[in-house]
file my_file_33.txt (compact mmCIF, C-alpha atoms)
# COMPACT_ATOMS: atom_id res chain seq x y z
CA MET B 1 18.59 20.25 -11.94
CA VAL B 2 20.99 23.10 -12.61
CA VAL B 3 23.47 20.82 -14.38
CA GLY B 4 20.70 19.25 -16.47
CA PHE B 5 19.30 22.65 -17.42
CA GLY B 6 22.78 23.90 -18.32
CA ALA B 7 23.42 20.77 -20.39
CA ALA B 8 20.17 21.36 -22.28
CA LEU B 9 21.19 24.95 -23.07
CA GLY B 10 24.66 23.89 -24.20
CA LEU B 11 23.31 21.02 -26.28
CA GLY B 12 20.91 23.40 -28.06
CA ALA B 13 23.81 25.67 -29.01
CA VAL B 14 26.03 22.78 -30.14
CA ILE B 15 23.29 21.24 -32.30
CA GLU B 16 22.53 24.58 -33.94
CA ILE B 17 26.18 25.33 -34.66
CA LEU B 18 27.21 21.84 -35.83
CA VAL B 19 24.08 20.64 -37.65
CA VAL B 20 21.38 23.24 -38.24
CA ARG B 21 23.68 25.85 -39.77
CA ARG B 22 24.75 23.35 -42.42
CA PHE B 23 21.12 23.07 -43.55
CA ALA B 24 20.34 26.81 -43.47
CA LYS B 25 19.72 27.03 -47.22
CA ALA B 26 18.39 23.48 -47.60
CA PRO B 27 14.69 22.69 -47.95
CA ARG B 28 12.82 22.69 -44.63
CA LEU B 29 11.94 19.01 -45.00
CA LEU B 30 15.63 18.09 -44.98
CA LEU B 31 16.22 20.10 -41.80
CA THR B 32 13.13 18.51 -40.24
CA VAL B 33 14.43 15.02 -40.98
CA ALA B 34 17.86 15.96 -39.62
CA THR B 35 16.38 17.23 -36.35
CA ILE B 36 14.24 14.09 -36.02
CA GLY B 37 17.41 12.04 -36.47
CA ILE B 38 19.22 14.08 -33.83
CA GLY B 39 16.30 13.55 -31.46
CA GLN B 40 16.46 9.80 -32.00
CA LEU B 41 20.24 9.76 -31.45
CA LEU B 42 19.91 11.76 -28.23
CA SER B 43 17.14 9.47 -27.05
CA PHE B 44 19.38 6.46 -27.70
CA ALA B 45 22.25 8.16 -25.84
CA THR B 46 20.08 8.55 -22.72
CA LEU B 47 19.93 4.76 -22.41
CA GLY B 48 23.54 4.81 -21.16
CA LEU B 49 23.09 7.61 -18.63
CA PRO B 50 22.18 5.44 -15.60
CA ARG B 51 25.28 3.27 -16.11
CA LEU B 52 27.43 6.41 -16.34
CA PHE B 53 26.47 7.13 -12.73
CA ASP B 54 26.65 3.46 -11.57
CA TYR B 55 22.91 2.77 -11.58
CA ASP B 56 21.07 -0.09 -13.22
CA THR B 57 17.92 1.96 -13.71
CA ALA B 58 17.16 5.66 -13.59
CA PRO B 59 16.90 6.85 -9.98
CA GLN B 60 13.67 8.64 -9.25
CA PRO B 61 14.04 12.09 -7.69
CA PRO B 62 12.18 13.11 -4.54
CA ARG B 63 8.84 14.68 -5.28
CA PRO B 64 8.82 18.34 -4.20
CA PHE B 65 5.64 19.40 -2.46
CA GLY B 66 4.58 15.74 -2.48
CA SER B 67 2.42 16.27 0.56
CA VAL B 68 0.38 18.95 -1.18
CA ARG B 69 -2.85 17.50 -2.53
CA VAL B 70 -5.84 19.26 -4.04
CA GLU B 71 -8.98 17.22 -4.70
CA TRP B 72 -11.20 18.24 -7.57
CA PHE B 73 -13.51 15.35 -8.24
CA PRO B 74 -12.64 13.03 -9.97
CA ASN B 75 -8.99 14.21 -10.07
CA THR B 76 -6.35 14.67 -7.42
CA PHE B 77 -3.66 17.26 -8.11
CA THR B 78 -0.30 17.13 -6.35
CA GLY B 79 2.45 19.69 -5.84
CA GLY B 80 3.94 18.80 -9.23
CA HIS B 81 0.69 19.69 -10.97
CA LEU B 82 0.55 22.99 -9.11
CA LEU B 83 4.15 23.79 -10.11
CA ILE B 84 3.17 23.29 -13.74
CA ALA B 85 0.06 25.44 -13.29
CA ILE B 86 2.25 28.25 -11.94
CA PHE B 87 5.35 28.01 -14.14
CA VAL B 88 3.87 27.33 -17.58
CA PRO B 89 1.70 30.49 -17.78
CA ALA B 90 4.58 32.55 -16.38
CA ILE B 91 6.97 31.15 -18.99
CA CYS B 92 4.43 31.76 -21.77
CA MET B 93 3.93 35.37 -20.67
CA GLY B 94 7.70 35.88 -20.45
CA LEU B 95 8.18 34.45 -23.91
CA ALA B 96 5.41 36.67 -25.30
CA VAL B 97 6.98 39.77 -23.73
CA PHE B 98 10.42 38.74 -25.00
CA LEU B 99 9.22 38.23 -28.58
CA GLY B 100 6.98 41.29 -28.62
CA ARG B 101 8.95 43.93 -26.72
CA SER B 102 12.67 43.17 -26.57
CA ARG B 103 15.18 44.10 -29.27
CA PHE B 104 16.25 40.47 -29.60
CA GLY B 105 12.69 39.20 -29.80
CA ILE B 106 11.79 41.66 -32.54
CA ALA B 107 14.99 40.72 -34.40
CA VAL B 108 14.09 37.01 -34.06
CA ARG B 109 10.66 37.69 -35.55
CA ALA B 110 12.21 39.73 -38.36
CA SER B 111 14.72 37.03 -39.25
CA ALA B 112 12.00 34.38 -39.15
CA GLU B 113 10.00 36.43 -41.64
CA SER B 114 12.91 36.88 -44.05
CA ALA B 115 16.43 35.91 -43.02
CA ASP B 116 18.02 37.49 -46.10
CA ARG B 117 16.24 40.80 -45.60
CA ALA B 118 17.08 40.82 -41.88
CA ALA B 119 20.75 40.17 -42.71
CA LEU B 120 20.73 43.08 -45.16
CA LEU B 121 19.41 45.29 -42.36
CA GLY B 122 22.37 44.31 -40.17
CA ILE B 123 20.67 41.74 -37.96
CA PRO B 124 23.07 38.90 -37.01
CA VAL B 125 20.80 36.09 -38.20
CA SER B 126 23.15 33.19 -37.36
CA ARG B 127 23.61 34.40 -33.77
CA LEU B 128 19.85 34.82 -33.43
CA ASN B 129 19.37 31.28 -34.72
CA THR B 130 21.70 30.07 -32.00
CA LEU B 131 19.75 32.08 -29.43
CA VAL B 132 16.48 30.55 -30.61
CA TRP B 133 17.87 27.01 -30.46
CA VAL B 134 19.28 27.64 -26.97
CA MET B 135 15.92 29.00 -25.85
CA ALA B 136 14.09 26.01 -27.37
CA ALA B 137 16.49 23.62 -25.63
CA GLY B 138 16.00 25.53 -22.37
CA LEU B 139 12.23 25.32 -22.68
CA SER B 140 12.56 21.60 -23.38
CA GLY B 141 14.74 21.23 -20.28
CA VAL B 142 12.20 23.11 -18.16
CA ALA B 143 9.44 20.86 -19.52
CA VAL B 144 11.39 17.76 -18.49
CA LEU B 145 12.10 19.18 -15.04
CA LEU B 146 8.45 20.11 -14.51
CA ARG B 147 7.30 16.69 -15.67
CA MET B 148 9.62 14.74 -13.38
CA PRO B 149 7.63 15.15 -10.14
CA ILE B 150 4.54 13.77 -11.88
CA GLN B 151 5.86 11.02 -14.15
CA GLY B 152 9.37 10.38 -12.85
CA VAL B 153 12.51 10.10 -14.94
CA SER B 154 12.02 8.56 -18.35
CA ILE B 155 15.06 7.13 -20.08
CA GLY B 156 15.07 6.42 -23.81
CA GLU B 157 11.56 7.71 -24.30
CA THR B 158 10.71 9.53 -27.48
CA LEU B 159 7.49 10.91 -28.84
CA GLY B 160 6.89 7.68 -30.71
CA LEU B 161 6.87 7.10 -34.42
CA SER B 162 3.10 7.28 -34.85
CA LEU B 163 2.88 10.75 -33.29
CA LEU B 164 5.97 11.85 -35.18
CA LEU B 165 4.54 10.68 -38.51
CA ARG B 166 1.22 12.44 -37.87
CA ALA B 167 3.01 15.68 -36.98
CA LEU B 168 5.25 15.43 -40.03
CA ALA B 169 2.25 14.74 -42.28
CA ALA B 170 0.48 17.81 -40.89
CA ALA B 171 3.60 19.91 -41.46
CA VAL B 172 3.86 18.70 -45.06
CA ILE B 173 0.18 19.60 -45.64
CA GLY B 174 1.05 23.09 -44.36
CA ARG B 175 3.97 23.10 -46.83
CA MET B 176 6.36 23.55 -43.88
CA GLU B 177 5.39 27.23 -43.89
CA SER B 178 1.85 27.77 -42.64
CA LEU B 179 1.15 26.97 -39.00
CA PRO B 180 -2.62 27.63 -39.33
CA VAL B 181 -2.88 25.19 -42.25
CA THR B 182 -0.79 22.65 -40.35

call {"tool": "encode", "arguments": {"input": "my_file_33.txt", "output": "structure tokens"}}
result
Amino acid sequence: MVVGFGAALGLGAVIEILVVRRFAKAPRLLLTVATIGIGQLLSFATLGLPRLFDYDTAPQPPRPFGSVRVEWFPNTFTGGHLLIAIFVPAICMGLAVFLGRSRFGIAVRASAESADRAALLGIPVSRLNTLVWVMAAGLSGVAVLLRMPIQGVSIGETLGLSLLLRALAAAVIGRMESLPVT
């Protein structure tokens, strides 16, 4: 888990430095397509992971707190569900405090509002971009780790083209700028 989480953090930084920075002044649609392409390439790369460790299929990890069961008719919740119920609100509150109260969080919000203006005020926008991508990759890694006890390890799975196209269409309707419109 620690190695996987560390790999997610490192991969977020590498992608931001090698790819995203090159599209900093490009239209948002171009960056969106580039990140979708990166996601597809990474998904394809995961197909070879089991063979890298001499497995034919992805080994399934033990389920922590597997004996814990909570019945709430008609559903049964296991330890994995309870871990999600505990960690996700805590992570959301931590992220809200980080963005609202810390120096870095306020600088991230300022550079998201206007990167040029933030740079003129002395905010290191490119380093903050790297921080944001590392945080996003870390949150993605946590999501995968929290999902594993419930759904197991999924290799080569992506969001699917139909969901991706709907999300992209909604983003285009919002002109890649307005989250409420999207």

call {"tool": "residues_around", "arguments": {"input": "my_file_33.txt", "residues": "Ile123 (chain B)", "least_positions_apart": "3", "cutoff": "12 Å", "atoms": "all atoms listed in the file", "output": "PyMOL selection string"}}
result
chain B and resi 103-112+114-120+126-129

call {"tool": "atom_distance", "arguments": {"input": "my_file_33.txt", "atom1": "CA of Gln151 (chain B)", "atom2": "CA of His81 (chain B)"}}
result
10.6 Å

call {"tool": "residues_around", "arguments": {"input": "my_file_33.txt", "residues": "region 168-171 of chain B", "least_positions_apart": "4", "cutoff": "12 Å", "atoms": "all atoms listed in the file", "output": "list in words"}}
result
Arg28, Leu29, Leu30, Thr32, Val33, Thr35, Ile36, Leu161, Ser162, Leu163, Leu164, Arg175, Met176, Glu177, Ser178, Leu179, Pro180, Val181 and Thr182 of chain B

call {"tool": "atom_distance", "arguments": {"input": "my_file_33.txt", "atom1": "CA of Leu42 (chain B)", "atom2": "CA of Ile15 (chain B)"}}
result
10.9 Å

call {"tool": "closest_residue", "arguments": {"input": "my_file_33.txt", "among": "B:Phe98, B:Tyr55, B:Phe77, B:Phe5", "to": "Val132 (chain B)", "atoms": "all atoms listed in the file"}}
result
B:Phe98

call {"tool": "axis_aligned_box", "arguments": {"input": "my_file_33.txt", "around": "region 130-145 of chain B", "padding_each_side": "6 Å", "output": "lines of an AutoDock Vina configuration file"}}
result
center_x = 15.6
center_y = 24.9
center_z = -23.5
size_x = 24.3
size_y = 26.3
size_z = 29.0

call {"tool": "residues_around", "arguments": {"input": "my_file_33.txt", "residues": "Thr78 (chain B)", "least_positions_apart": "4", "cutoff": "12 Å", "atoms": "all atoms listed in the file", "output": "list in words"}}
result
Arg63, Pro64, Phe65, Gly66, Ser67, Val68, Arg69, Val70, Glu71, Trp72, Leu82, Leu83, Ile84, Ala85, Pro149, Ile150 and Gln151 of chain B

call {"tool": "write_last_selection", "arguments": {"input": "my_file_33.txt", "atoms": "C-alpha atoms", "output": "CSV table (one decimal), in the coordinates of the input"}}
result
chain,number,residue,atom,x,y,z
B,63,ARG,CA,8.8,14.7,-5.3
B,64,PRO,CA,8.8,18.3,-4.2
B,65,PHE,CA,5.6,19.4,-2.5
B,66,GLY,CA,4.6,15.7,-2.5
B,67,SER,CA,2.4,16.3,0.6
B,68,VAL,CA,0.4,19.0,-1.2
B,69,ARG,CA,-2.8,17.5,-2.5
B,70,VAL,CA,-5.8,19.3,-4.0
B,71,GLU,CA,-9.0,17.2,-4.7
B,72,TRP,CA,-11.2,18.2,-7.6
B,82,LEU,CA,0.6,23.0,-9.1
B,83,LEU,CA,4.2,23.8,-10.1
B,84,ILE,CA,3.2,23.3,-13.7
B,85,ALA,CA,0.1,25.4,-13.3
B,149,PRO,CA,7.6,15.2,-10.1
B,150,ILE,CA,4.5,13.8,-11.9
B,151,GLN,CA,5.9,11.0,-14.2

call {"tool": "closest_residue", "arguments": {"input": "my_file_33.txt", "among": "B:Pro27, B:Asp54, B:Ser154, B:Gly94", "to": "Val172 (chain B)", "atoms": "all atoms listed in the file"}}
result
B:Pro27

call {"tool": "residues_around", "arguments": {"input": "my_file_33.txt", "residues": "Ala143 (chain B)", "least_positions_apart": "5", "cutoff": "9 Å", "atoms": "all atoms listed in the file", "output": "VMD selection string"}}
result
chain B and resid 84 88 138 148

call {"tool": "closest_residue", "arguments": {"input": "my_file_33.txt", "among": "B:Leu121, B:Ile173, B:Cys92, B:Ala26", "to": "Leu139 (chain B)", "atoms": "all atoms listed in the file"}}
result
B:Cys92

call {"tool": "closest_residue", "arguments": {"input": "my_file_33.txt", "among": "B:Val134, B:Leu11, B:Leu47, B:Val20", "to": "Ala34 (chain B)", "atoms": "only C-alpha atoms"}}
result
B:Val20

call {"tool": "residues_around", "arguments": {"input": "my_file_33.txt", "residues": "Val14 (chain B)", "least_positions_apart": "6", "cutoff": "12 Å", "atoms": "all atoms listed in the file", "output": "compact mmCIF listing (two decimals) with C-alpha atoms, in the coordinates of the input"}}
result
# COMPACT_ATOMS: atom_id res chain seq x y z
CA ALA B 7 23.42 20.77 -20.39
CA ALA B 8 20.17 21.36 -22.28
CA VAL B 20 21.38 23.24 -38.24
CA ARG B 21 23.68 25.85 -39.77
CA ILE B 38 19.22 14.08 -33.83
CA ASN B 129 19.37 31.28 -34.72
CA THR B 130 21.70 30.07 -32.00
CA LEU B 131 19.75 32.08 -29.43
CA TRP B 133 17.87 27.01 -30.46
CA VAL B 134 19.28 27.64 -26.97
CA ALA B 137 16.49 23.62 -25.63

call {"tool": "atom_distance", "arguments": {"input": "my_file_33.txt", "atom1": "CA of Ala13 (chain B)", "atom2": "CA of Val125 (chain B)"}}
result
14.2 Å
